[in-house]
Structure formats: C-alpha cells, structure tokens
Amino acid sequence: MYIQLALDRMTMDEAIHVTEEVYHEIDWIEVGTSLIKEYGVQSIERLKKEFPNKLLVADMKTMDNAAYECQMCFEAGADIMTAMGVAPNITVKTCLDEAKKRKKRVMIDLLNVHETLLPSLLEYKEAIFCLHVSKDEQELFGFNAARFPMFLEEMQGRTWAIAGGISLDSLDMVKQLQPYVVIIGSAITKAENKQKAAQTLKQAIFARRSHG
Ligand SMILES: O=C([C@H](O)CO)[C@H](O)[C@H](O)COP(=O)(O)O
C-alpha cells in the first residue's frame, strides 16, 4: 500500500515545507486541485523540481479539454494526472491515450460516478481508480471514504486508491480494504505536528503493508 500525500489549501512554500517534514513517511506527492487552481501548473513544476525522486500526482480533475490539460501537467512534471470519471467518455479516453504516449498514468476519480457509468470506465484496465468522498460531503455530511466505500467489489483485481477524510480513526477500515494507494491530506497537512502524524499513520499502515 502506497501513501499519497495530498497538498491542498496552502501556499506553495507551505506545501514544500510540509513535504520536506514528512518526506520519509510518504510515497507519492499529490499536487492538490486547490494548489493547481491557485498557482497554475507552476505548482507541479516546482514540486517536481524540489522532489524529483517522488512520484508526482497532479490532481487536475480533468472534465474536458483533455489533450491540452494532459500536455500542460505532464510537461510540467506530473507522473500521474487525475481525470473525472463523470466526464464524457472521450475525455477520459483521451487522457489515457495522452498518458500512454508519454509512459505516464491516469487516475480516474470516481467521485459521483453512478453505477450505470462504472462498467464503461472499468474497461480502462491501465487506469488507477480512485474511490473518493468529496471535501464538501466530508465537511457538510461528516462522511469519509473508509466508512461507506462504494464499488469495492468492482475494484477487485484492479489498481485503486481511496481518498476523502482518511485519518488514524479510519485507518483500520482502510487497511482491511487493501487499496493500492491510500490518499491522505488534512490528517497530515493540518496536524499540529505533521511529522508525528505522518509517522503514526505510516506505522499503522506498515503493520500490514502487503505490496509496494
Ligand atoms: O481530492 C481531494 C479533495 O477533492 C480536495 O481537492 C483531496 O486530495 C482528498 O480529499 C484528500 O484530502 P483529505 O480529504 O484532506 O484527506
């Protein structure tokens, strides 16, 4: 199980500082959507420059304009980009094609994907799927991704990630689900002692680390 650190709602300097603090506890770095919106693709460039040895995920949440957005984020240094599963199928497919051309990958965010749409997305065997509970659902409804995860059966045999309000409290449940990637943002980035928070989370995960 890999740990992906999600960097959101902070300045670029804070993002770099947090990553330095927890560098040894995490595997992948996510340039959060909020950083990309606030600072543009320079946020991707800067994080790749600072941390060239970590795999970098650009949380573009692409909904349209796939070729252009892929070019922007991959040229800036992203190793993986995210596309929304609810986007038109041609958009998702174009992201996968663009990624393949460059030997990069796409994470398909299943946020708000209806079960009738899922089968067409599961055709993309090379994708990483992300079971995601949104920030708004977390903050306004108290949901988190480990509590009522959807599409677990469908994820069997696939490469998949889980995201949305995951913390030490929900980690036992996450471990049982055995995702390929566990995406953690606020539980680390908003903790008073970020290094300690990341260390504790990693120790809890490492106790049953199965691959990676
Ligand atoms: O994708 C995310 C969210 O939509 C905000 O852009 C976060 O990366 C994801 O939710 C992980 O962050 P936490 O929920 O704070 O753990």
# chains A, B, ... in the order shown; residues from 1 in each chain; ligands from 1
$ residues_near_ligand --ligand "ligand 1" --cutoff "7 Å" --atoms "only C-alpha atoms and all ligand atoms" --output "CSV table (one decimal) with C-alpha atoms, in the first residue's frame"
chain,number,residue,atom,x,y,z
A,6,ALA,CA,-2.4,15.4,-0.8
A,7,LEU,CA,-1.3,19.0,-0.6
A,8,ASP,CA,-4.4,21.3,-0.6
A,32,GLY,CA,-3.9,19.2,-4.9
A,33,THR,CA,-6.5,20.7,-7.1
A,34,SER,CA,-6.5,23.8,-4.9
A,59,ASP,CA,-4.9,16.3,-9.2
A,132,HIS,CA,-13.3,9.4,-3.4
A,133,VAL,CA,-15.6,11.1,-0.9
A,134,SER,CA,-15.6,14.9,-1.6
A,135,LYS,CA,-14.4,17.6,0.7
A,163,ALA,CA,-9.4,9.3,-0.7
A,164,GLY,CA,-11.5,11.6,1.4
A,165,GLY,CA,-11.1,12.4,5.1
A,166,ILE,CA,-8.9,9.4,5.9
A,183,ILE,CA,-4.5,9.2,-0.2
A,184,ILE,CA,-4.2,11.3,2.9
A,185,GLY,CA,-4.4,15.1,3.1
A,186,SER,CA,-5.7,17.0,6.1
A,187,ALA,CA,-4.9,14.3,8.6
$ atom_distance --atom1 "atom CA of Phe51 of chain A" --atom2 "atom CA of Glu25 of chain A"
13.8 Å
$ atom_distance --atom1 "atom CA of Tyr124 of chain A" --atom2 "atom CA of Asp27 of chain A"
24.2 Å
$ closest_atom_pairs --of "segment 78-190 of chain A" --to "segment 64-67 of chain A" --cutoff "7 Å" --atoms "only C-alpha atoms" --output "CSV"
residue,atom,partner,partner_atom,distance
A:Ala87,CA,A:Asp64,CA,6.9
A:Thr91,CA,A:Ala66,CA,5.5
A:Thr94,CA,A:Ala66,CA,6.0
A:Cys95,CA,A:Ala66,CA,5.5
A:Glu98,CA,A:Ala67,CA,6.5
$ closest_residue --among "A:Glu75, A:Glu21, A:Glu14, A:Glu45" --to "Asn193 of chain A" --atoms "only C-alpha atoms"
A:Glu21
$ residues_around --residues "segment 195-206 of chain A" --least-positions-apart "3" --cutoff "9 Å" --atoms "only C-alpha atoms" --output "list in words"
Met1, Ile3, Val18, Glu21, Val22, Tyr23, His24, Glu25, Ile26, Ser167, Leu168, Leu171, Asp172, Val174, Lys175, Ala187, Ile188, Thr189, Ala191, Glu192, Arg209 and Ser210 of chain A
$ residues_around --residues "Cys73 of chain A" --least-positions-apart "2" --cutoff "8 Å" --atoms "only C-alpha atoms" --output "PyMOL selection string"
chain A and resi 41+44+58+60+69-71+75-78+81
$ closest_residue --among "A:Ala161, A:Met107, A:Ala99, A:Met155" --to "Tyr180 of chain A" --atoms "only C-alpha atoms"
A:Ala161
$ decode --residues "segment 169-195 of chain A" --atoms "C-alpha atoms" --output "mmCIF file, in the first residue's frame"
data_model
loop_
_atom_site.group_PDB
_atom_site.id
_atom_site.type_symbol
_atom_site.label_atom_id
_atom_site.label_comp_id
_atom_site.auth_asym_id
_atom_site.auth_seq_id
_atom_site.Cartn_x
_atom_site.Cartn_y
_atom_site.Cartn_z
ATOM 1 C CA ASP A 169 -9.550 6.755 13.136
ATOM 2 C CA SER A 170 -10.466 5.271 9.757
ATOM 3 C CA LEU A 171 -7.192 3.542 9.048
ATOM 4 C CA ASP A 172 -8.200 0.131 10.374
ATOM 5 C CA MET A 173 -11.051 0.049 7.901
ATOM 6 C CA VAL A 174 -8.828 1.252 5.058
ATOM 7 C CA LYS A 175 -6.278 -1.455 5.792
ATOM 8 C CA GLN A 176 -8.935 -4.134 5.568
ATOM 9 C CA LEU A 177 -9.965 -2.844 2.157
ATOM 10 C CA GLN A 178 -6.365 -3.180 0.896
ATOM 11 C CA PRO A 179 -6.204 -0.366 -1.643
ATOM 12 C CA TYR A 180 -3.084 0.090 -3.749
ATOM 13 C CA VAL A 181 -2.839 3.734 -2.683
ATOM 14 C CA VAL A 182 -4.194 5.484 0.385
ATOM 15 C CA ILE A 183 -4.532 9.221 -0.181
ATOM 16 C CA ILE A 184 -4.167 11.332 2.938
ATOM 17 C CA GLY A 185 -4.404 15.117 3.064
ATOM 18 C CA SER A 186 -5.679 17.024 6.076
ATOM 19 C CA ALA A 187 -4.868 14.320 8.635
ATOM 20 C CA ILE A 188 -1.223 15.148 7.937
ATOM 21 C CA THR A 189 -1.165 18.657 6.491
ATOM 22 C CA LYS A 190 -3.455 20.217 9.111
ATOM 23 C CA ALA A 191 -1.955 18.354 12.084
ATOM 24 C CA GLU A 192 -0.061 20.417 14.618
ATOM 25 C CA ASN A 193 2.877 18.018 14.461
ATOM 26 C CA LYS A 194 2.837 16.913 10.818
ATOM 27 C CA GLN A 195 5.882 14.704 11.051
#
